[in-house]
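Below is one structure, written out as structure tokens, with a few remarks after it.
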Amino acid sequence: MNTSMNIAIVGAGIGGLAAACLLHDAGHRIRVFDRFDAPRPVGSGLVIQPVGQDVLAQIGILDQTVARGAKVIRMFGHDADHRRPVLNVRYDPKGVGTFGLGIHRASLFDALWGAADSRDIPMVQNADVTASAGGFIDFADGNRHGPFDLIVDASGSSSKLSPLIAKPLPYGAIWGTVDWPETSLPRDELRQTYRRADRMIGVLPLGAMPGADTPKAAVFWSLPAGSYDTWREAGLSAWKNDATTLWPEIAPFLDQITDADQMTMARYTHGTLRKPYRGRVVFIGDAAHRASPQLGQGANMALLDAQALTAAITHANGQDPLALYSAARRAHVWCYQAFSRVFTPMYQSDSSILPAIRDRVMYPLSQISPTPAILTALVKGTMIPPLGSLDRR
Ligand SMILES: Cc1cc2nc3c(=O)[nH]c(=O)nc-3n(C[C@H](O)[C@H](O)[C@H](O)COP(=O)(O)OP(=O)(O)OC[C@H]3O[C@@H](n4cnc5c(N)ncnc54)[C@H](O)[C@@H]3O)c2cc1C
């Protein structure tokens with residue numbers, strides 16, 4: 001399987017486009033299928049951590065994405081009632097991984113799409129994949145393509161190929177993109193404000209959209225998963241009043257929201273495939289594991305999966321490359337899934353005990369050495385080697 005393979009990639013998202021570029025560079029023949037009718041990212045912004053930045057560098061688009069994004073050097077959160085800090089994690093001021101890259105999905109997508117396009121990787125659009133068997137892929141319009149030596153399912157959280165059944169989380173968030181306004185808030189920090197764990201508002205600096213110079217910000221507001229309609233019915237003024245009472249500095253960001261449609265509801269789920277491959281299909285990214293974005297790792301995980309899969313195929317040396325990929329990623333994925341499961345309810349839940357532990361126990365502990373360095377490694381994605389045994393090759 002480590003000679004040149006005929007590979008189909010389902011999903012031209014973050015993981016799919018990264019896998020397409022890396023597997024192409026490793027000498028394989030690639031074809032990418034996506035259900036969209038035109039290249040299109042969805043959603044607002046995200047943070048690419050240093051481990052994910054390494055993958056962008058391998059693809060050759062790190063400088064471009066750094067130029068378009070915003071360098072985030074600290075994540076800082078405070079309690080709304082007492083104005084006390086309850087989260088304070090800094091990237092290393094020097095050395096490897098000095099920042100998280102805040103970037104709008106459109107800019108990241110544009111860079112990845114351009115990288116695939118410049119490699120002449122064939123992209124098939126309007127291709128809604130419904131099933132696969134024996135190396136063939138079936139589409140909603142009745143077409144069938146194949147056979148392929150390998151099918152990479154990178155179709156994200158709505159994958160129709162992945163057997164993963166993820167658990168819905170009680171809280172999601174509404175997300176919107178606005179211009180970075182005149183404000184005293186620093187443009188190199190992710191800022192959040194909480195009241196217990198049932199209220200959270202945050203601002204993430206993003207850099208510019210493709211082809212533009214205006215710096216942007218993502219604004220997010222935590223909502224119980226089933227309460228989006230209630231939020232709309234209550235009206236924007238009620239929400240802005242609530243939010244600015246919690247955090248007055250958010251006002252110039254929210255002033256730019258004049259229509260509820262500017263905020264998109266994202267619902268979160270949590271789950272992990274025990275075995276991320278089945279027959280000739282291998283699962284990467286959200287098709288293999290899903291978590292809330294609390295630790296800011298989902299896109300990194302998709303990028304690392306793409307990197308690990310390519311390395312596993314390249315270095316298989318007679319072993320089953322899919323088993324090698326699975327083993328290489330297992331510890332890192334499970335570690336981050338476990339941390340996400342523990343931390344998410346501290347920031348998004350109806351509990352009053354968990355946020356009290358967060359503020360009175362965890363925050364003070366987090367400021368005592370060596371915990372700051374451990375938390376930085378957790379956020380950077382380097383808590384444990386991301387590619388397991390493949391890291392040493
Ligand atoms: C609000 C929010 C904020 C987030 N913030 C962060 C963050 O700060 N940092 C971070 O690392 N992660 C973050 N994440 C998570 C991150 O966005 C995902 O983990 C990441 O996008 C997963 O990449 P992927 O390639 O698996 O899937 P996606 O990027 O979702 O791509 C899936 C692709 O598959 C296509 N597709 C779907 N179904 C089909 C089908 N049937 N046939 C063909 N094509 C199909 C879709 O059109 C899409 O192009 C956040 C997520 C959300 C919702």
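Naming works like this for the structure tokens: A, B, ... for the chains as they're shown, residue 1 at the start of each chain, ligands 1 onward in shown order.
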Neighbours of ligand 1 at 6 Å or closer, counting only C-alpha atoms and all ligand atoms: which residues, as a CSV table (one decimal) with N, CA and C atoms, in the first residue's frame?
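New file result05.csv:
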chain,number,residue,atom,x,y,z
A,10,VAL,N,-13.2,12.5,0.6
A,10,VAL,CA,-14.5,12.9,0.7
A,10,VAL,C,-14.5,14.1,1.7
A,11,GLY,N,-14.8,15.3,1.2
A,11,GLY,CA,-14.9,16.5,2.0
A,11,GLY,C,-13.7,17.4,1.8
A,12,ALA,N,-14.0,18.6,1.2
A,12,ALA,CA,-12.9,19.6,1.0
A,12,ALA,C,-12.9,20.6,2.1
A,13,GLY,N,-12.8,20.2,3.3
A,13,GLY,CA,-12.7,21.1,4.5
A,13,GLY,C,-11.3,21.1,4.9
A,14,ILE,N,-11.1,21.4,6.2
A,14,ILE,CA,-9.7,21.6,6.7
A,14,ILE,C,-8.9,20.3,6.6
A,15,GLY,N,-9.4,19.2,7.1
A,15,GLY,CA,-8.7,18.0,7.0
A,15,GLY,C,-8.6,17.4,5.6
A,16,GLY,N,-9.6,17.5,4.9
A,16,GLY,CA,-9.6,16.9,3.5
A,16,GLY,C,-8.7,17.6,2.6
A,33,PHE,N,-13.8,15.0,-3.4
A,33,PHE,CA,-15.3,15.2,-3.6
A,33,PHE,C,-15.9,16.0,-2.5
A,34,ASP,N,-16.7,17.0,-2.9
A,34,ASP,CA,-17.4,17.7,-1.8
A,34,ASP,C,-18.8,18.0,-2.3
A,35,ARG,N,-19.7,18.1,-1.4
A,35,ARG,CA,-21.1,18.3,-1.8
A,35,ARG,C,-21.4,19.7,-2.1
A,36,PHE,N,-20.5,20.7,-1.7
A,36,PHE,CA,-20.8,22.1,-2.0
A,36,PHE,C,-20.8,22.3,-3.6
A,46,LEU,N,-11.4,30.5,14.0
A,46,LEU,CA,-10.9,29.5,14.8
A,46,LEU,C,-9.4,29.8,15.1
A,47,VAL,N,-8.8,29.0,16.0
A,47,VAL,CA,-7.4,29.2,16.4
A,47,VAL,C,-6.6,28.0,15.8
A,48,ILE,N,-5.6,28.2,15.1
A,48,ILE,CA,-4.7,27.2,14.7
A,48,ILE,C,-3.5,27.2,15.6
A,127,ALA,N,-21.0,16.9,-5.2
A,127,ALA,CA,-20.8,15.4,-5.1
A,127,ALA,C,-21.2,15.0,-3.6
A,128,ASP,N,-22.5,14.8,-3.4
A,128,ASP,CA,-23.0,14.4,-2.1
A,128,ASP,C,-22.8,12.9,-1.9
A,129,VAL,N,-21.8,12.6,-1.1
A,129,VAL,CA,-21.5,11.2,-0.9
A,129,VAL,C,-22.4,10.5,0.1
A,130,THR,N,-23.0,9.4,-0.3
A,130,THR,CA,-24.0,8.8,0.6
A,130,THR,C,-23.5,7.5,1.2
A,154,ALA,N,-13.2,12.7,5.1
A,154,ALA,CA,-12.9,14.0,5.8
A,154,ALA,C,-14.2,14.9,5.7
A,155,SER,N,-15.4,14.2,5.8
A,155,SER,CA,-16.6,15.0,5.6
A,155,SER,C,-17.2,15.5,6.9
A,156,GLY,N,-16.4,15.6,7.9
A,156,GLY,CA,-16.7,16.3,9.1
A,156,GLY,C,-17.8,15.7,10.0
A,158,SER,N,-21.0,15.9,9.9
A,158,SER,CA,-22.2,15.3,9.3
A,158,SER,C,-21.9,14.1,8.3
A,159,SER,N,-20.7,13.5,8.5
A,159,SER,CA,-20.3,12.4,7.7
A,159,SER,C,-21.4,11.3,7.6
A,160,LYS,N,-21.6,10.9,6.3
A,160,LYS,CA,-22.6,9.8,6.1
A,160,LYS,C,-21.8,8.4,6.1
A,266,ALA,N,-23.9,27.3,16.5
A,266,ALA,CA,-23.1,26.1,16.4
A,266,ALA,C,-23.5,25.2,17.5
A,285,GLY,N,-10.3,13.9,11.1
A,285,GLY,CA,-11.0,15.1,11.6
A,285,GLY,C,-12.3,14.8,12.3
A,286,ASP,N,-13.3,15.6,12.1
A,286,ASP,CA,-14.5,15.5,12.9
A,286,ASP,C,-15.2,14.2,12.5
A,287,ALA,N,-14.9,13.6,11.4
A,287,ALA,CA,-15.5,12.3,11.0
A,287,ALA,C,-15.0,11.2,12.0
A,293,PRO,N,-15.4,23.2,21.0
A,293,PRO,CA,-14.2,24.0,20.7
A,293,PRO,C,-13.5,24.6,21.9
A,296,GLY,N,-10.0,24.6,21.7
A,296,GLY,CA,-9.5,25.1,20.4
A,296,GLY,C,-8.7,24.1,19.6
A,297,GLN,N,-9.1,22.9,19.5
A,297,GLN,CA,-8.2,21.8,18.9
A,297,GLN,C,-8.8,21.1,17.7
A,298,GLY,N,-10.1,21.3,17.4
A,298,GLY,CA,-10.7,20.5,16.3
A,298,GLY,C,-10.0,20.6,15.0
A,299,ALA,N,-9.7,21.8,14.5
A,299,ALA,CA,-9.0,22.0,13.2
A,299,ALA,C,-7.6,21.4,13.3
A,300,ASN,N,-7.0,21.6,14.4
A,300,ASN,CA,-5.6,21.1,14.6
A,300,ASN,C,-5.6,19.6,14.5
A,302,ALA,N,-7.7,17.7,12.9
A,302,ALA,CA,-7.9,17.3,11.5
A,302,ALA,C,-6.6,17.5,10.7
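For Leu87 of chain A, the set of protein, DNA and RNA residues having any atom at most 10 Å away, when counting only C-alpha atoms and skipping those fewer than 6 positions along the same chain, is Arg74, Met75, Phe76, Gly77, His78, Asp79, Arg191, Gln192, Thr193, Arg358, Asp359, Met362, Tyr363, Pro364, Ser366 and Gln367 of chain A.
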Take the residues that were just selected and, keeping C-alpha atoms, output them as a compact mmCIF listing (two decimals), in the first residue's frame.
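Result file is result-v7.txt:
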# COMPACT_ATOMS: atom_id res chain seq x y z
CA ARG A 74 -2.68 34.86 25.53
CA MET A 75 -6.10 33.50 26.46
CA PHE A 76 -7.59 35.51 29.23
CA GLY A 77 -10.98 35.16 30.91
CA HIS A 78 -12.60 36.86 33.85
CA ASP A 79 -15.61 36.45 36.05
CA ARG A 191 -10.79 37.33 25.73
CA GLN A 192 -13.75 35.70 27.49
CA THR A 193 -16.09 36.71 30.31
CA ARG A 358 -12.81 26.50 38.25
CA ASP A 359 -12.56 29.92 39.89
CA MET A 362 -8.26 25.53 39.40
CA TYR A 363 -7.43 29.14 38.58
CA PRO A 364 -5.19 29.73 41.64
CA SER A 366 -3.03 27.23 37.34
CA GLN A 367 -0.83 30.17 38.28
Neighbouring residues of Cys21 of chain A were defined as those with any atom within 9 Å, considering only C-alpha atoms; residues of the same chain fewer than 2 positions away were excluded. Please report them as a PyMOL selection string. chain A and resi 16-19+23-26+30+59+112+115-116+119+121
Emit the selected residues as a PDB file, in the first residue's frame, including N, CA and C atoms.
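This went into again39.pdb:
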ATOM      1  N   GLY A  16      -9.642  17.512   4.857  1.00  0.00           N
ATOM      2  CA  GLY A  16      -9.648  16.934   3.514  1.00  0.00           C
ATOM      3  C   GLY A  16      -8.659  17.624   2.592  1.00  0.00           C
ATOM      4  N   LEU A  17      -8.635  18.954   2.608  1.00  0.00           N
ATOM      5  CA  LEU A  17      -7.717  19.679   1.721  1.00  0.00           C
ATOM      6  C   LEU A  17      -6.268  19.478   2.166  1.00  0.00           C
ATOM      7  N   ALA A  18      -6.053  19.429   3.485  1.00  0.00           N
ATOM      8  CA  ALA A  18      -4.685  19.174   3.979  1.00  0.00           C
ATOM      9  C   ALA A  18      -4.228  17.780   3.557  1.00  0.00           C
ATOM     10  N   ALA A  19      -5.100  16.781   3.727  1.00  0.00           N
ATOM     11  CA  ALA A  19      -4.743  15.409   3.333  1.00  0.00           C
ATOM     12  C   ALA A  19      -4.481  15.349   1.834  1.00  0.00           C
ATOM     13  N   LEU A  23      -0.880  14.020   0.738  1.00  0.00           N
ATOM     14  CA  LEU A  23      -0.830  12.723   0.051  1.00  0.00           C
ATOM     15  C   LEU A  23      -0.394  12.906  -1.402  1.00  0.00           C
ATOM     16  N   HIS A  24      -0.786  14.014  -2.006  1.00  0.00           N
ATOM     17  CA  HIS A  24      -0.308  14.319  -3.366  1.00  0.00           C
ATOM     18  C   HIS A  24       1.212  14.473  -3.352  1.00  0.00           C
ATOM     19  N   ASP A  25       1.723  15.223  -2.362  1.00  0.00           N
ATOM     20  CA  ASP A  25       3.173  15.452  -2.292  1.00  0.00           C
ATOM     21  C   ASP A  25       3.928  14.155  -2.015  1.00  0.00           C
ATOM     22  N   ALA A  26       3.235  13.168  -1.410  1.00  0.00           N
ATOM     23  CA  ALA A  26       3.873  11.870  -1.151  1.00  0.00           C
ATOM     24  C   ALA A  26       3.775  10.945  -2.363  1.00  0.00           C
ATOM     25  N   ILE A  30      -4.779  11.755  -6.348  1.00  0.00           N
ATOM     26  CA  ILE A  30      -5.840  12.203  -5.436  1.00  0.00           C
ATOM     27  C   ILE A  30      -7.020  12.753  -6.222  1.00  0.00           C
ATOM     28  N   ILE A  59       2.615  22.053   4.185  1.00  0.00           N
ATOM     29  CA  ILE A  59       1.861  22.244   2.941  1.00  0.00           C
ATOM     30  C   ILE A  59       2.395  23.465   2.169  1.00  0.00           C
ATOM     31  N   LEU A 112      -5.873  26.858   1.864  1.00  0.00           N
ATOM     32  CA  LEU A 112      -5.815  25.408   1.623  1.00  0.00           C
ATOM     33  C   LEU A 112      -6.319  25.071   0.212  1.00  0.00           C
ATOM     34  N   ALA A 115      -3.713  25.926  -2.241  1.00  0.00           N
ATOM     35  CA  ALA A 115      -2.615  24.948  -2.219  1.00  0.00           C
ATOM     36  C   ALA A 115      -2.999  23.698  -3.003  1.00  0.00           C
ATOM     37  N   ALA A 116      -4.235  23.246  -2.862  1.00  0.00           N
ATOM     38  CA  ALA A 116      -4.691  22.056  -3.612  1.00  0.00           C
ATOM     39  C   ALA A 116      -4.786  22.388  -5.100  1.00  0.00           C
ATOM     40  N   ARG A 119      -1.569  22.442  -6.965  1.00  0.00           N
ATOM     41  CA  ARG A 119      -1.036  21.091  -7.215  1.00  0.00           C
ATOM     42  C   ARG A 119      -1.848  20.361  -8.286  1.00  0.00           C
ATOM     43  N   ILE A 121      -4.852  19.244  -8.130  1.00  0.00           N
ATOM     44  CA  ILE A 121      -5.606  18.116  -7.572  1.00  0.00           C
ATOM     45  C   ILE A 121      -7.055  18.235  -8.064  1.00  0.00           C
TER      46      ILE A 121
END
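Using only C-alpha atoms, the nearest neighbour of Phe136 of chain A within the list A:Leu150, A:Leu273, A:Ala260, A:Leu101 is A:Leu150.
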Spatial neighbours of Gln58 of chain A, 10 Å, only C-alpha atoms, chain gap at least 2 places, as a PyMOL selection string: chain A and resi 18+21-22+25+52-56+60-62+307
Long-range neighbours of Asp242 of chain A as a PDB file with C-alpha atoms, in the first residue's frame, 12 Å cut-off, only C-alpha atoms, 6 positions minimum in chain:
ATOM      1  CA  ALA A  80     -18.316  39.018  35.274  1.00  0.00           C
ATOM      2  CA  ARG A 195     -20.974  34.254  34.841  1.00  0.00           C
ATOM      3  CA  ARG A 199     -23.070  32.659  30.530  1.00  0.00           C
ATOM      4  CA  MET A 200     -19.988  33.147  28.406  1.00  0.00           C
ATOM      5  CA  ILE A 201     -19.112  35.811  25.881  1.00  0.00           C
ATOM      6  CA  TRP A 221     -22.013  33.843  23.054  1.00  0.00           C
ATOM      7  CA  TRP A 231     -32.798  33.938  21.746  1.00  0.00           C
ATOM      8  CA  ALA A 234     -36.220  37.858  22.712  1.00  0.00           C
ATOM      9  CA  GLY A 235     -34.645  40.259  20.199  1.00  0.00           C
ATOM     10  CA  LEU A 236     -31.175  41.707  19.730  1.00  0.00           C
ATOM     11  CA  PRO A 248     -19.201  46.529  29.056  1.00  0.00           C
ATOM     12  CA  ILE A 250     -17.966  44.176  24.351  1.00  0.00           C
ATOM     13  CA  ALA A 251     -20.285  47.048  23.295  1.00  0.00           C
ATOM     14  CA  LEU A 254     -21.982  44.107  19.430  1.00  0.00           C
TER      15      LEU A 254
END
What residues in segment 116-244 of chain A get the DSSP label strand (DSSP E)? Please answer as a ChimeraX atom specification. /A:123-124,129-133,136-139,144-145,150-153,167-168,171-179,189-195,199-207,216-224
With C-alpha atoms retained, write the just-selected residues as a short mmCIF file (atom, residue, chain, number, x, y, z; two decimals), in the first residue's frame.
data_model
loop_
_atom_site.label_atom_id
_atom_site.label_comp_id
_atom_site.auth_asym_id
_atom_site.auth_seq_id
_atom_site.Cartn_x
_atom_site.Cartn_y
_atom_site.Cartn_z
CA MET A 123 -11.95 18.59 -7.23
CA VAL A 124 -15.45 17.27 -7.88
CA VAL A 129 -21.45 11.15 -0.86
CA THR A 130 -24.01 8.78 0.62
CA ALA A 131 -22.17 5.46 1.02
CA SER A 132 -19.06 3.48 0.19
CA ALA A 133 -18.29 -0.22 -0.25
CA PHE A 136 -16.43 2.51 -4.52
CA ILE A 137 -18.24 5.69 -3.51
CA ASP A 138 -21.98 6.26 -4.06
CA PHE A 139 -23.49 9.70 -4.54
CA ARG A 144 -20.81 5.75 -8.39
CA HIS A 145 -17.04 6.41 -8.60
CA LEU A 150 -8.19 4.20 -0.27
CA ILE A 151 -11.11 6.47 0.65
CA VAL A 152 -10.34 9.21 3.19
CA ASP A 153 -13.53 10.33 4.92
CA LYS A 167 -23.26 12.72 22.10
CA PRO A 168 -24.93 16.15 21.77
CA TYR A 171 -24.48 24.00 25.31
CA GLY A 172 -23.48 25.44 21.94
CA ALA A 173 -22.79 29.03 20.94
CA ILE A 174 -23.80 31.70 18.48
CA TRP A 175 -20.89 33.04 16.45
CA GLY A 176 -20.54 36.17 14.34
CA THR A 177 -17.81 38.10 12.53
CA VAL A 178 -17.41 41.86 12.95
CA ASP A 179 -14.74 44.48 12.23
CA GLU A 189 -5.51 38.03 23.03
CA LEU A 190 -8.55 35.75 23.09
CA ARG A 191 -10.79 37.33 25.73
CA GLN A 192 -13.75 35.70 27.49
CA THR A 193 -16.09 36.71 30.31
CA TYR A 194 -18.20 34.29 32.32
CA ARG A 195 -20.97 34.25 34.84
CA ARG A 199 -23.07 32.66 30.53
CA MET A 200 -19.99 33.15 28.41
CA ILE A 201 -19.11 35.81 25.88
CA GLY A 202 -15.85 36.01 24.01
CA VAL A 203 -13.87 37.85 21.37
CA LEU A 204 -11.24 36.25 19.14
CA PRO A 205 -9.02 38.41 16.89
CA LEU A 206 -9.01 37.00 13.35
CA GLY A 207 -7.03 39.11 10.93
CA LYS A 216 -11.89 41.19 11.97
CA ALA A 217 -13.01 39.63 15.24
CA ALA A 218 -15.15 36.61 16.01
CA VAL A 219 -17.75 37.22 18.71
CA PHE A 220 -19.29 34.23 20.46
CA TRP A 221 -22.01 33.84 23.05
CA SER A 222 -22.78 30.61 24.83
CA LEU A 223 -26.37 29.28 24.47
CA PRO A 224 -28.11 26.10 25.62
#
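One finds atom CA of Leu169 of chain A at 29.1 Å from atom CA of Gln256 of chain A.
Among A:Ala243, A:Leu304, A:Ile368, A:Leu354, the residue with the shortest atom-to-atom distance to Pro50 of chain A, counting only C-alpha atoms, is A:Leu304.
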Using only C-alpha atoms, pick whichever of A:Ile374, A:Ile384, A:Val32, A:Ala38 has the shortest atom-to-atom distance to Tyr91 of chain A. A:Ile374
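Going from atom CA of Gln294 of chain A over to atom CA of Thr344 of chain A, you cover 6.1 Å.
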Do you know which residues are at most 9 Å from Ala373 of chain A counting only C-alpha atoms, after dropping those on the same chain fewer than 5 positions away, and could you put them as a ChimeraX atom specification? /A:89-92,378
Find the residue from A:Ile257, A:Asp391, A:Thr65, A:Arg187 that sits nearest to Ala312 of chain A; use only C-alpha atoms when measuring. A:Asp391
Of the residues A:Ser107, A:Asn241, A:Thr230, A:Thr272, which is the one nearest to Pro210 of chain A, using only C-alpha atoms? A:Ser107
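Checking A:Ala111, A:Ala20, A:Asp188, A:Lys94 one by one against Pro215 of chain A, counting only C-alpha atoms, you find the shortest gap at A:Asp188.
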